[in-house]
file run25.cif (mmCIF, C-alpha atoms and all ligand atoms)
data_target
#
loop_
_atom_site.label_atom_id
_atom_site.label_comp_id
_atom_site.auth_asym_id
_atom_site.auth_seq_id
_atom_site.Cartn_x
_atom_site.Cartn_y
_atom_site.Cartn_z
CA MET A 1 -22.09 -19.58 -15.64
CA THR A 2 -21.22 -18.63 -12.11
CA LEU A 3 -22.71 -16.37 -9.44
CA SER A 4 -19.62 -14.14 -9.84
CA HIS A 5 -20.40 -13.76 -13.53
CA ASP A 6 -24.05 -12.88 -12.79
CA LEU A 7 -23.05 -10.34 -10.16
CA PHE A 8 -20.49 -8.75 -12.46
CA ALA A 9 -23.10 -8.46 -15.23
CA ARG A 10 -25.41 -6.61 -12.82
CA ALA A 11 -22.55 -4.54 -11.38
CA ARG A 12 -21.48 -3.27 -14.79
CA VAL A 13 -24.90 -1.75 -15.38
CA ARG A 14 -24.93 0.39 -12.27
CA MET A 15 -21.27 0.83 -11.30
CA PRO A 16 -18.47 2.22 -13.50
CA GLY A 17 -16.62 -0.83 -14.78
CA GLY A 18 -18.64 -2.92 -12.34
CA VAL A 19 -16.39 -2.02 -9.41
CA ASN A 20 -15.88 0.57 -6.69
CA SER A 21 -12.10 0.68 -7.16
CA PRO A 22 -10.35 0.05 -10.49
CA VAL A 23 -7.61 -2.31 -9.27
CA ARG A 24 -10.28 -4.94 -8.59
CA ALA A 25 -11.51 -5.08 -12.17
CA PHE A 26 -8.96 -7.52 -13.69
CA ALA A 27 -8.37 -4.96 -16.46
CA ALA A 28 -4.76 -5.97 -16.97
CA VAL A 29 -5.16 -9.72 -16.65
CA GLY A 30 -8.32 -10.35 -18.63
CA GLY A 31 -11.36 -12.32 -17.53
CA GLU A 32 -13.82 -11.17 -14.92
CA PRO A 33 -13.27 -10.32 -11.27
CA VAL A 34 -14.21 -12.91 -8.69
CA PHE A 35 -16.81 -11.83 -6.13
CA PHE A 36 -16.08 -12.87 -2.55
CA GLU A 37 -18.44 -13.33 0.33
CA ARG A 38 -16.36 -14.65 3.21
CA ALA A 39 -12.78 -14.73 4.42
CA GLU A 40 -11.01 -16.42 7.28
CA GLY A 41 -7.32 -16.52 8.15
CA ALA A 42 -5.27 -16.80 4.96
CA HIS A 43 -8.27 -17.89 2.90
CA MET A 44 -11.07 -16.20 1.00
CA PHE A 45 -14.22 -17.91 -0.30
CA ASP A 46 -15.94 -16.71 -3.45
CA VAL A 47 -19.69 -16.55 -4.00
CA ASP A 48 -19.52 -19.88 -5.84
CA GLY A 49 -17.93 -21.60 -2.85
CA LYS A 50 -14.34 -21.88 -4.13
CA ARG A 51 -11.52 -21.37 -1.62
CA TYR A 52 -8.45 -19.26 -2.42
CA ILE A 53 -5.20 -18.62 -0.58
CA ASP A 54 -5.17 -14.83 -0.45
CA TYR A 55 -2.01 -12.77 -1.07
CA ILE A 56 -3.76 -9.39 -1.30
CA GLY A 57 -5.11 -9.19 2.24
CA SER A 58 -7.53 -6.40 1.26
CA TRP A 59 -4.47 -4.58 -0.16
CA GLY A 60 -2.58 -4.65 3.11
CA PRO A 61 -4.71 -4.31 6.24
CA MET A 62 -5.17 -8.03 6.93
CA ILE A 63 -1.72 -8.58 8.42
CA CYS A 64 -3.19 -10.95 11.03
CA GLY A 65 -5.34 -12.78 8.50
CA HIS A 66 -9.04 -12.34 7.78
CA SER A 67 -11.70 -12.35 10.50
CA HIS A 68 -9.20 -12.61 13.34
CA PRO A 69 -11.34 -13.50 16.39
CA LYS A 70 -9.77 -10.76 18.56
CA ILE A 71 -10.46 -8.08 15.94
CA ILE A 72 -14.00 -9.26 15.28
CA GLU A 73 -14.65 -9.32 19.01
CA ALA A 74 -13.31 -5.77 19.46
CA VAL A 75 -15.44 -4.52 16.56
CA GLN A 76 -18.57 -6.23 17.87
CA ALA A 77 -18.04 -4.71 21.32
CA ALA A 78 -17.63 -1.25 19.76
CA VAL A 79 -20.64 -1.64 17.46
CA ALA A 80 -22.82 -2.49 20.46
CA LYS A 81 -22.03 0.98 21.86
CA GLY A 82 -22.91 2.95 18.73
CA LEU A 83 -21.53 3.42 15.23
CA SER A 84 -20.42 7.04 15.25
CA PHE A 85 -20.74 9.96 17.62
CA GLY A 86 -19.25 12.88 15.68
CA THR A 87 -17.56 13.85 18.93
CA PRO A 88 -14.22 12.98 20.48
CA SER A 89 -14.23 9.43 21.89
CA PRO A 90 -11.75 7.40 23.97
CA GLY A 91 -10.51 5.02 21.24
CA GLU A 92 -9.03 7.80 19.13
CA VAL A 93 -6.96 9.06 22.06
CA THR A 94 -5.59 5.58 22.68
CA MET A 95 -4.92 5.22 18.95
CA ALA A 96 -3.01 8.52 18.74
CA GLU A 97 -0.99 7.66 21.86
CA LYS A 98 -0.20 4.20 20.53
CA ILE A 99 0.91 5.36 17.07
CA CYS A 100 3.09 8.17 18.48
CA GLU A 101 4.60 5.78 21.02
CA LEU A 102 5.45 3.24 18.30
CA ILE A 103 6.79 5.71 15.71
CA PRO A 104 9.42 8.02 17.19
CA SER A 105 9.21 10.61 14.37
CA LEU A 106 5.64 11.51 15.38
CA ASP A 107 4.69 14.10 18.00
CA GLN A 108 1.06 14.19 16.90
CA VAL A 109 -1.25 12.37 14.54
CA ARG A 110 -4.58 13.16 12.83
CA MET A 111 -6.91 10.27 11.97
CA VAL A 112 -8.63 10.27 8.58
CA ASN A 113 -10.67 7.74 6.56
CA SER A 114 -8.30 6.60 3.82
CA GLY A 115 -4.72 6.67 2.62
CA THR A 116 -5.77 9.17 -0.04
CA GLU A 117 -6.94 11.63 2.60
CA ALA A 118 -3.77 11.10 4.61
CA ALA A 119 -1.47 11.88 1.69
CA MET A 120 -3.57 14.78 0.44
CA SER A 121 -3.65 16.38 3.89
CA ALA A 122 0.05 15.80 4.64
CA LEU A 123 0.95 17.49 1.35
CA ARG A 124 -1.24 20.46 2.29
CA VAL A 125 0.58 20.74 5.63
CA ALA A 126 4.00 20.53 3.94
CA ARG A 127 2.99 23.26 1.49
CA ALA A 128 1.69 25.49 4.30
CA ALA A 129 4.72 24.89 6.50
CA THR A 130 7.21 25.82 3.79
CA GLY A 131 5.15 28.41 1.92
CA ARG A 132 6.09 26.51 -1.27
CA GLU A 133 3.83 24.89 -3.85
CA ARG A 134 5.86 22.41 -5.88
CA PHE A 135 6.68 18.95 -4.59
CA ILE A 136 8.61 15.92 -5.77
CA LYS A 137 7.21 12.42 -6.04
CA PHE A 138 8.45 9.34 -7.87
CA GLU A 139 7.25 7.87 -11.12
CA GLY A 140 5.31 4.67 -10.38
CA CYS A 141 4.61 5.52 -6.74
CA TYR A 142 0.98 5.82 -5.67
CA HIS A 143 -0.28 8.07 -2.91
CA GLY A 144 -4.02 7.72 -3.46
CA HIS A 145 -6.16 9.58 -5.94
CA ALA A 146 -5.95 13.22 -4.83
CA ASP A 147 -5.35 15.47 -7.86
CA SER A 148 -1.75 16.44 -7.07
CA PHE A 149 -0.67 12.81 -6.89
CA LEU A 150 -2.31 11.54 -10.09
CA VAL A 151 0.64 12.55 -12.22
CA LYS A 152 2.71 9.58 -13.42
CA ALA A 153 1.09 7.54 -10.65
CA GLY A 154 1.46 3.82 -10.04
CA SER A 155 -1.04 1.12 -8.99
CA GLY A 156 -4.36 1.03 -10.85
CA ALA A 157 -3.62 4.32 -12.62
CA GLN A 158 -0.65 2.64 -14.27
CA THR A 159 -2.47 -0.64 -14.81
CA LEU A 160 -5.21 1.18 -16.73
CA GLY A 161 -2.76 3.34 -18.66
CA VAL A 162 -3.88 6.66 -17.11
CA PRO A 163 -0.93 7.51 -14.84
CA THR A 164 -1.69 11.19 -15.40
CA SER A 165 -5.44 11.39 -15.07
CA PRO A 166 -7.78 13.51 -17.14
CA GLY A 167 -9.63 15.93 -14.87
CA VAL A 168 -6.53 16.97 -12.97
CA PRO A 169 -6.10 20.71 -13.67
CA LYS A 170 -2.97 21.43 -15.67
CA GLY A 171 -2.00 24.26 -13.34
CA LEU A 172 -2.01 21.86 -10.41
CA ALA A 173 -0.28 19.00 -12.25
CA GLU A 174 2.56 21.37 -13.14
CA LEU A 175 3.39 21.66 -9.46
CA THR A 176 3.96 17.88 -9.22
CA LEU A 177 7.53 17.03 -10.14
CA ASN A 178 8.41 13.42 -10.89
CA ALA A 179 11.79 11.91 -10.14
CA LYS A 180 13.06 8.37 -10.66
CA PHE A 181 12.87 5.99 -7.71
CA ASN A 182 16.34 4.99 -6.45
CA ASP A 183 17.95 7.80 -8.46
CA LEU A 184 19.16 10.63 -6.25
CA ASP A 185 20.58 12.55 -9.22
CA SER A 186 17.07 12.89 -10.65
CA VAL A 187 15.92 14.38 -7.32
CA GLU A 188 18.88 16.72 -7.00
CA ALA A 189 18.35 17.98 -10.56
CA LEU A 190 14.80 19.05 -9.62
CA PHE A 191 16.00 20.77 -6.45
CA LYS A 192 18.63 22.61 -8.51
CA GLN A 193 15.98 23.68 -11.00
CA TYR A 194 13.59 24.94 -8.29
CA PRO A 195 15.81 25.55 -5.22
CA ASP A 196 13.27 27.65 -3.27
CA GLU A 197 10.03 26.19 -4.53
CA ILE A 198 9.84 22.58 -3.35
CA ALA A 199 7.65 21.95 -0.31
CA CYS A 200 8.40 18.28 0.14
CA VAL A 201 9.62 15.03 -1.28
CA ALA A 202 6.84 12.44 -1.02
CA VAL A 203 8.00 8.85 -1.26
CA GLU A 204 6.86 5.30 -0.60
CA PRO A 205 10.01 4.25 1.29
CA ILE A 206 9.50 0.78 -0.17
CA ALA A 207 7.63 1.19 -3.43
CA GLY A 208 4.59 -1.10 -3.43
CA ASN A 209 2.57 0.29 -6.31
CA MET A 210 4.94 -0.64 -9.12
CA ASN A 211 5.30 -4.21 -7.88
CA CYS A 212 7.62 -4.26 -4.83
CA ILE A 213 10.82 -2.22 -5.04
CA PRO A 214 12.91 -1.63 -1.91
CA PRO A 215 15.15 1.43 -1.66
CA GLU A 216 18.75 0.93 -2.77
CA PRO A 217 21.30 1.53 0.04
CA GLY A 218 21.73 5.29 0.52
CA PHE A 219 18.61 6.34 -1.40
CA LEU A 220 16.44 7.30 1.60
CA GLU A 221 19.45 8.79 3.41
CA GLY A 222 20.13 10.88 0.31
CA LEU A 223 16.53 12.12 0.23
CA ARG A 224 16.81 13.15 3.87
CA GLU A 225 20.01 15.04 3.13
CA LEU A 226 18.62 16.80 0.04
CA CYS A 227 15.45 17.83 1.90
CA ASP A 228 17.57 19.27 4.71
CA ARG A 229 19.82 21.08 2.28
CA TYR A 230 16.96 22.68 0.36
CA GLY A 231 14.59 23.31 3.27
CA ALA A 232 11.95 20.84 2.10
CA ALA A 233 9.97 18.36 4.21
CA LEU A 234 10.53 14.64 3.81
CA LEU A 235 7.14 12.93 3.59
CA PHE A 236 7.09 9.15 3.96
CA ASP A 237 3.94 7.54 2.64
CA GLU A 238 3.79 4.47 4.86
CA VAL A 239 0.16 3.67 4.06
CA MET A 240 1.40 0.31 2.81
CA THR A 241 4.68 -0.18 4.69
CA GLY A 242 3.54 1.18 8.07
CA PHE A 243 3.42 -1.64 10.63
CA ARG A 244 3.91 -4.13 7.77
CA VAL A 245 7.66 -4.33 7.31
CA HIS A 246 8.78 -3.52 10.86
CA PRO A 247 7.10 -2.43 14.12
CA GLN A 248 8.22 1.13 13.27
CA GLY A 249 7.48 0.90 9.57
CA ALA A 250 10.04 1.44 6.83
CA GLN A 251 11.45 4.40 8.78
CA GLY A 252 12.32 2.02 11.61
CA LEU A 253 13.65 -0.63 9.24
CA TYR A 254 16.02 1.78 7.49
CA GLY A 255 16.63 4.22 10.37
CA ILE A 256 15.48 7.39 8.60
CA THR A 257 13.46 10.13 10.30
CA PRO A 258 10.90 11.79 8.02
CA ASP A 259 9.15 15.06 8.88
CA LEU A 260 5.68 13.81 8.01
CA THR A 261 4.31 10.27 7.67
CA CYS A 262 1.09 8.83 6.25
CA PHE A 263 -0.50 5.63 7.47
CA GLY A 264 -3.51 3.51 6.52
CA LYS A 265 -4.33 -0.15 5.97
CA VAL A 266 -2.85 -1.99 9.03
CA ILE A 267 -3.94 0.71 11.52
CA GLY A 268 -7.55 0.16 10.41
CA ALA A 269 -7.49 -3.66 10.24
CA GLY A 270 -9.90 -3.52 7.28
CA MET A 271 -12.03 -0.57 8.43
CA PRO A 272 -11.78 2.69 6.43
CA VAL A 273 -8.87 4.36 8.21
CA GLY A 274 -5.86 6.52 7.43
CA ALA A 275 -3.69 8.88 9.45
CA PHE A 276 -0.96 11.44 9.01
CA GLY A 277 1.42 12.76 11.61
CA GLY A 278 4.80 14.25 12.23
CA LYS A 279 6.84 16.65 14.22
CA MET A 280 5.09 19.34 16.26
CA GLU A 281 6.38 22.14 14.03
CA TYR A 282 4.20 20.66 11.26
CA MET A 283 1.26 19.29 13.25
CA LYS A 284 0.71 22.54 15.17
CA LEU A 285 -0.40 24.02 11.84
CA VAL A 286 -3.36 21.61 11.53
CA ALA A 287 -6.83 23.01 12.38
CA PRO A 288 -7.97 23.77 15.01
CA SER A 289 -4.43 24.20 16.47
CA GLY A 290 -3.45 26.11 13.36
CA PRO A 291 -4.85 27.43 10.09
CA VAL A 292 -4.42 24.41 7.76
CA TYR A 293 -7.94 23.12 7.32
CA GLN A 294 -8.48 19.38 7.57
CA ALA A 295 -11.64 17.63 8.76
CA GLY A 296 -13.86 14.54 8.55
CA THR A 297 -17.40 13.60 9.68
CA LEU A 298 -16.32 10.02 10.42
CA SER A 299 -12.64 10.61 11.28
CA GLY A 300 -11.55 8.69 14.38
CA ASN A 301 -14.67 6.53 14.12
CA PRO A 302 -15.05 4.42 17.28
CA VAL A 303 -15.61 1.11 15.47
CA ALA A 304 -12.61 1.72 13.20
CA MET A 305 -10.44 2.67 16.18
CA ALA A 306 -11.44 -0.53 18.00
CA ALA A 307 -10.49 -2.63 14.97
CA GLY A 308 -7.18 -0.83 14.47
CA LEU A 309 -6.21 -0.98 18.13
CA ALA A 310 -6.88 -4.73 18.20
CA ASN A 311 -4.65 -5.14 15.13
CA LEU A 312 -1.86 -3.06 16.72
CA GLU A 313 -2.09 -5.19 19.84
CA LEU A 314 -1.74 -8.42 17.85
CA ILE A 315 1.26 -7.22 15.86
CA GLY A 316 2.92 -6.12 19.09
CA GLU A 317 3.23 -9.72 20.26
CA PRO A 318 6.86 -10.86 20.61
CA GLY A 319 8.28 -12.46 17.48
CA PHE A 320 5.38 -11.35 15.25
CA TYR A 321 7.59 -9.72 12.59
CA ASP A 322 10.19 -12.47 12.70
CA ARG A 323 7.55 -15.07 11.87
CA LEU A 324 5.83 -12.90 9.25
CA GLY A 325 9.16 -12.09 7.60
CA GLU A 326 10.15 -15.76 7.58
CA THR A 327 6.90 -16.88 5.89
CA THR A 328 7.23 -14.10 3.31
CA ARG A 329 10.87 -14.98 2.65
CA GLN A 330 10.00 -18.67 2.21
CA LEU A 331 7.32 -17.75 -0.28
CA ALA A 332 9.56 -15.43 -2.33
CA GLU A 333 12.52 -17.81 -2.27
CA GLY A 334 10.24 -20.70 -3.16
CA LEU A 335 8.84 -18.80 -6.14
CA GLN A 336 12.37 -18.01 -7.27
CA ARG A 337 13.31 -21.68 -7.00
CA VAL A 338 10.33 -23.00 -8.98
CA ALA A 339 10.83 -20.30 -11.65
CA ASP A 340 14.53 -21.19 -11.93
CA GLU A 341 13.65 -24.88 -12.24
CA ALA A 342 11.09 -24.13 -14.95
CA GLY A 343 13.70 -22.02 -16.78
CA ILE A 344 11.51 -18.89 -16.50
CA PRO A 345 13.53 -15.73 -15.80
CA MET A 346 12.19 -14.14 -12.62
CA ALA A 347 13.38 -11.75 -9.91
CA THR A 348 11.76 -11.99 -6.48
CA VAL A 349 11.89 -9.76 -3.45
CA ALA A 350 10.62 -9.95 0.14
CA VAL A 351 10.66 -7.21 2.81
CA GLY A 352 8.87 -7.90 6.08
CA GLY A 353 5.35 -8.97 5.13
CA MET A 354 5.57 -7.60 1.56
CA PHE A 355 6.79 -9.40 -1.55
CA GLY A 356 7.14 -8.96 -5.28
CA PHE A 357 8.03 -10.97 -8.35
CA PHE A 358 9.06 -9.74 -11.78
CA PHE A 359 9.22 -11.65 -15.04
CA THR A 360 12.59 -10.28 -16.08
CA GLU A 361 16.09 -11.43 -17.02
CA GLN A 362 17.53 -8.89 -14.55
CA ASN A 363 18.28 -10.12 -11.06
CA ARG A 364 16.64 -7.10 -9.50
CA VAL A 365 14.36 -4.25 -10.47
CA VAL A 366 15.01 -0.79 -9.01
CA ASN A 367 12.68 1.67 -10.75
CA PHE A 368 9.47 2.08 -12.67
CA ASP A 369 11.01 1.87 -16.17
CA GLN A 370 12.48 -1.51 -15.29
CA ALA A 371 9.20 -2.71 -13.76
CA ALA A 372 7.29 -1.64 -16.87
CA ALA A 373 9.79 -3.43 -19.11
CA CYS A 374 9.03 -6.81 -17.50
CA ASP A 375 7.09 -9.48 -19.41
CA LEU A 376 3.51 -8.42 -18.69
CA GLU A 377 2.03 -11.17 -20.91
CA ARG A 378 3.81 -13.76 -18.84
CA PHE A 379 2.49 -12.13 -15.69
CA LYS A 380 -1.02 -12.38 -17.10
CA ALA A 381 -0.60 -16.08 -17.89
CA PHE A 382 0.83 -16.74 -14.42
CA PHE A 383 -1.94 -14.79 -12.68
CA THR A 384 -4.65 -16.62 -14.63
CA GLY A 385 -3.10 -20.03 -13.97
CA MET A 386 -2.69 -19.32 -10.26
CA LEU A 387 -6.26 -18.06 -9.95
CA ALA A 388 -7.53 -21.31 -11.44
CA GLU A 389 -5.37 -23.14 -8.87
CA GLY A 390 -7.05 -21.18 -6.06
CA ILE A 391 -4.20 -18.76 -5.40
CA TYR A 392 -5.36 -15.14 -5.28
CA LEU A 393 -2.58 -12.77 -6.35
CA ALA A 394 -2.96 -9.06 -7.13
CA PRO A 395 -4.44 -8.80 -10.65
CA SER A 396 -1.68 -6.48 -11.86
CA ALA A 397 2.10 -6.61 -12.27
CA PHE A 398 2.23 -3.18 -10.60
CA GLU A 399 1.21 -4.24 -7.11
CA ALA A 400 3.07 -5.69 -4.14
CA GLY A 401 1.88 -8.93 -2.55
CA PHE A 402 1.03 -9.32 1.13
CA VAL A 403 1.43 -12.20 3.55
CA SER A 404 -0.32 -12.47 6.92
CA SER A 405 0.50 -14.18 10.19
CA ALA A 406 -2.32 -16.61 9.32
CA HIS A 407 -0.43 -18.01 6.30
CA SER A 408 0.83 -21.42 7.36
CA GLN A 409 3.57 -23.64 6.04
CA SER A 410 0.95 -25.67 4.21
CA ASP A 411 -0.45 -22.50 2.56
CA VAL A 412 3.04 -21.68 1.31
CA ASP A 413 3.65 -25.26 0.18
CA GLU A 414 0.31 -25.36 -1.63
CA THR A 415 1.11 -22.02 -3.32
CA LEU A 416 4.53 -23.21 -4.47
CA ALA A 417 3.15 -26.50 -5.79
CA ALA A 418 0.60 -24.53 -7.81
CA ALA A 419 3.32 -22.14 -9.05
CA GLU A 420 5.39 -25.13 -10.16
CA ARG A 421 2.51 -26.47 -12.26
CA VAL A 422 1.61 -23.08 -13.73
CA LEU A 423 5.20 -22.07 -14.53
CA GLY A 424 5.79 -25.52 -16.00
CA GLN A 425 2.90 -24.96 -18.41
CA ILE A 426 4.10 -21.45 -19.25
CA SER A 427 7.61 -22.72 -20.04
CA LYS A 428 6.14 -25.19 -22.56
CA ALA A 429 3.82 -22.62 -24.18
C1 LIG A 501 1.41 3.97 -0.52
C2 LIG A 501 -0.03 4.27 -0.63
N1 LIG A 501 -0.48 5.50 -0.37
C3 LIG A 501 -1.77 5.82 -0.43
C4 LIG A 501 -2.72 4.89 -0.79
C5 LIG A 501 -4.15 5.29 -0.86
O1 LIG A 501 -4.90 4.69 0.14
P1 LIG A 501 -6.48 4.50 -0.01
O2 LIG A 501 -6.70 3.52 -1.09
O3 LIG A 501 -6.90 4.04 1.34
O4 LIG A 501 -7.04 5.84 -0.34
C6 LIG A 501 -2.29 3.58 -1.05
C7 LIG A 501 -3.20 2.51 -1.41
O5 LIG A 501 -4.18 2.61 -1.95
C8 LIG A 501 -0.93 3.27 -1.00
O6 LIG A 501 -0.47 2.05 -1.28
N1 LIG A 502 -1.88 -0.77 -4.33
C1 LIG A 502 -3.19 -0.33 -4.58
C2 LIG A 502 -3.89 -0.22 -3.33
O1 LIG A 502 -3.38 -0.56 -2.33
C3 LIG A 502 -5.24 0.32 -3.32
C4 LIG A 502 -6.30 -0.59 -3.68
C5 LIG A 502 -7.35 0.14 -4.44
O2 LIG A 502 -7.09 1.24 -4.94
O3 LIG A 502 -8.46 -0.40 -4.58
#

call {"tool": "encode", "arguments": {"input": "run25.cif", "output": "structure tokens"}}
result
Amino acid sequence: MTLSHDLFARARVRMPGGVNSPVRAFAAVGGEPVFFERAEGAHMFDVDGKRYIDYIGSWGPMICGHSHPKIIEAVQAAVAKGLSFGTPSPGEVTMAEKICELIPSLDQVRMVNSGTEAAMSALRVARAATGRERFIKFEGCYHGHADSFLVKAGSGAQTLGVPTSPGVPKGLAELTLNAKFNDLDSVEALFKQYPDEIACVAVEPIAGNMNCIPPEPGFLEGLRELCDRYGAALLFDEVMTGFRVHPQGAQGLYGITPDLTCFGKVIGAGMPVGAFGGKMEYMKLVAPSGPVYQAGTLSGNPVAMAAGLANLELIGEPGFYDRLGETTRQLAEGLQRVADEAGIPMATVAVGGMFGFFFTEQNRVVNFDQAAACDLERFKAFFTGMLAEGIYLAPSAFEAGFVSSAHSQSDVDETLAAAERVLGQISKA
């Protein structure tokens, strides 16, 4: 009996499934979620005092590791001045300037409180700008839990087997068109079917909610070309990839200019933050400049802005992405090596500070069908074994992993030694 177990028993009485977000519930891997009370650098400590090497990083924000002294200091200084004003405040101006300076495709940005709000609002702007109602997304991608996006969605929706959620009105769901990731023909077919009706193509430029699937060469370029040809907006959801894979996000890494972009996670450093932005022709439509209503009591919150700005400062240090990318690559290559040695078929991938691993005979996975066809039982056994070893991986085969600048060589070595033991046991089972 552990404190985690006791807490989960209490939580289940008063919270649906005992959690405030489904991906935390261990639904796909069995067992009970671990409750944490403290985190520092690459490590998290559960309520029973066990230490874990963390590869979730609060699902992406903790790119500099947990409790980074500079971020904590910035937050404490902001807290001392007040928690929220409900008025404009200096930090949000600096934040908007900084994001627009870093991401060339943005003329303006609107701060919100989550990735869900960012995607929901950006879609509204794309629909208003084009006067069209349908849009294309990709099976297995996740853009938060706004109604329009919960149709064949990835992440927890997929993990729980409700990719198309009950409660989403049929009339609205019909406007969401799903294409296949990395398959331009599937996108073009939808444009041909509805040539004047598609407001935008919304895409995670590197899919991180069906494990980790980078775009095949030409895929994002092709989306740009199709959007231009059919008068639709290209909407990059960089909630996960923004400031994680490159200083300019996936759009900088691959050299593609979207019309609208969503951010979250890293720009909030662990505070509830999202943002969407784009070219002036779109952003001038957003209230109060224009008629597209979008608002938030806590949007641009001064404490959240202080945290996010401190994070952006840290990741702006020379060599940050080179080091992060190198650690992530070492981890993914190491996993591949120990899997190969154990005779367990696995495909691994690393992009910037994101990684994925698939239990599959194929040497790479390019779409949702292939991700879903991987050996999910093996994933479950691996996850459970690694958790016991003190390695905290995402509790689902449909999530990307995250590395931070706080992960050291010894963290990676410790992780790979654990993986060797766990995969060795799995190969004998
Ligand atoms: C690509 C992407 N978009 C949107 C979201 C939604 O963000 P949030 O959970 O902050 O609402 C997430 C993650 O949850 C995400 O990974
Ligand atoms: N890939 C999933 C997420 O990043 C979101 C976490 C959550 O929904 O709790």

call {"tool": "closest_residue", "arguments": {"input": "run25.cif", "among": "A:Glu333, A:Ser105, A:Ala388, A:Glu225", "to": "A:Ala250", "atoms": "all atoms listed in the file"}}
result
A:Ser105

call {"tool": "atom_distance", "arguments": {"input": "run25.cif", "atom1": "atom CA of A:Gly18", "atom2": "atom CA of A:Gly140"}}
result
25.2 Å

call {"tool": "atom_distance", "arguments": {"input": "run25.cif", "atom1": "atom CA of A:Phe36", "atom2": "atom CA of A:Asp48"}}
result
8.5 Å

call {"tool": "residues_near_ligand", "arguments": {"input": "run25.cif", "ligand": "ligand LIG 501 (chain A)", "cutoff": "7 Å", "atoms": "only C-alpha atoms and all ligand atoms", "output": "MDAnalysis selection string"}}
result
chainID A and resid 114:117 119 142:145 204 208:209 237:240 264:265 274

call {"tool": "closest_residue", "arguments": {"input": "run25.cif", "among": "A:Leu172, A:Val23, A:Val273, A:Ala157", "to": "ligand LIG 502 (chain A)", "atoms": "all atoms listed in the file"}}
result
A:Val23

call {"tool": "atom_distance", "arguments": {"input": "run25.cif", "atom1": "atom CA of A:Glu32", "atom2": "atom CA of A:Ile53"}}
result
18.3 Å

call {"tool": "axis_aligned_box", "arguments": {"input": "run25.cif", "around": "ligand LIG 502 (chain A)", "padding_each_side": "5 Å", "output": "lines of an AutoDock Vina configuration file"}}
result
center_x = -5.2
center_y = 0.2
center_z = -3.6
size_x = 16.6
size_y = 12.0
size_z = 12.6

call {"tool": "residues_around", "arguments": {"input": "run25.cif", "residues": "A:Phe236", "least_positions_apart": "2", "cutoff": "8 Å", "atoms": "only C-alpha atoms", "output": "list in words"}}
result
Ala202, Val203, Glu204, Pro205, Leu234, Glu238, Pro258, Asp259, Leu260, Thr261 and Cys262 of chain A

call {"tool": "closest_residue", "arguments": {"input": "run25.cif", "among": "A:Ser155, A:Gln76, A:Ser84, A:Thr176", "to": "A:Asn211", "atoms": "all atoms listed in the file"}}
result
A:Ser155

call {"tool": "closest_residue", "arguments": {"input": "run25.cif", "among": "A:Ser186, A:Gln370, A:Ser21, A:Gln409", "to": "A:Lys137", "atoms": "all atoms listed in the file"}}
result
A:Ser186

call {"tool": "residues_around", "arguments": {"input": "run25.cif", "residues": "stretch 336-341 of chain A", "least_positions_apart": "5", "cutoff": "9 Å", "atoms": "all atoms listed in the file", "output": "list in words"}}
result
Leu331, Met346, Ala347, Thr348, Phe357, Leu416, Ala417, Ala419, Glu420, Leu423 and Gly424 of chain A

call {"tool": "residues_around", "arguments": {"input": "run25.cif", "residues": "A:Pro69", "least_positions_apart": "6", "cutoff": "12 Å", "atoms": "all atoms listed in the file", "output": "PDB file with C-alpha atoms, in the coordinates of the input"}}
result
ATOM      1  CA  GLU A  40     -11.010 -16.420   7.280  1.00  0.00           C
ATOM      2  CA  GLY A  41      -7.320 -16.520   8.150  1.00  0.00           C
ATOM      3  CA  VAL A  75     -15.440  -4.520  16.560  1.00  0.00           C
ATOM      4  CA  GLN A  76     -18.570  -6.230  17.870  1.00  0.00           C
ATOM      5  CA  ALA A 307     -10.490  -2.630  14.970  1.00  0.00           C
ATOM      6  CA  ALA A 310      -6.880  -4.730  18.200  1.00  0.00           C
ATOM      7  CA  ASN A 311      -4.650  -5.140  15.130  1.00  0.00           C
ATOM      8  CA  LEU A 314      -1.740  -8.420  17.850  1.00  0.00           C
ATOM      9  CA  ALA A 406      -2.320 -16.610   9.320  1.00  0.00           C
TER      10      ALA A 406
END

call {"tool": "closest_residue", "arguments": {"input": "run25.cif", "among": "A:Ile315, A:Ile198, A:Ala78, A:Leu160", "to": "ligand LIG 502 (chain A)", "atoms": "all atoms listed in the file"}}
result
A:Leu160

call {"tool": "closest_residue", "arguments": {"input": "run25.cif", "among": "A:Leu226, A:Cys200, A:Leu335, A:Val13", "to": "A:Phe358", "atoms": "all atoms listed in the file"}}
result
A:Leu335

call {"tool": "residues_around", "arguments": {"input": "run25.cif", "residues": "A:Glu399", "least_positions_apart": "3", "cutoff": "12 Å", "atoms": "only C-alpha atoms", "output": "PyMOL selection string"}}
result
chain A and resi 23-24+28+55-56+59-60+140-142+154-159+206-213+240+354-358+368+371-372+379+393-396+402

call {"tool": "residues_near_point", "arguments": {"input": "run25.cif", "point": "(16.3, 25.3, -5.9)", "cutoff": "12 Å", "atoms": "all atoms listed in the file", "output": "JSON, numbers by chain"}}
result
{"A": [132, 134, 135, 187, 188, 189, 190, 191, 192, 193, 194, 195, 196, 197, 198, 199, 226, 227, 229, 230, 231, 232]}

call {"tool": "residues_around", "arguments": {"input": "run25.cif", "residues": "A:Pro247", "least_positions_apart": "4", "cutoff": "8 Å", "atoms": "all atoms listed in the file", "output": "PyMOL selection string"}}
result
chain A and resi 102+242-243+252+315-316+321

call {"tool": "residues_near_point", "arguments": {"input": "run25.cif", "point": "(-21.8, -14.2, -5.5)", "cutoff": "10 Å", "atoms": "only C-alpha atoms", "output": "ChimeraX atom specification"}}
result
/A:2-8,34-37,45-49
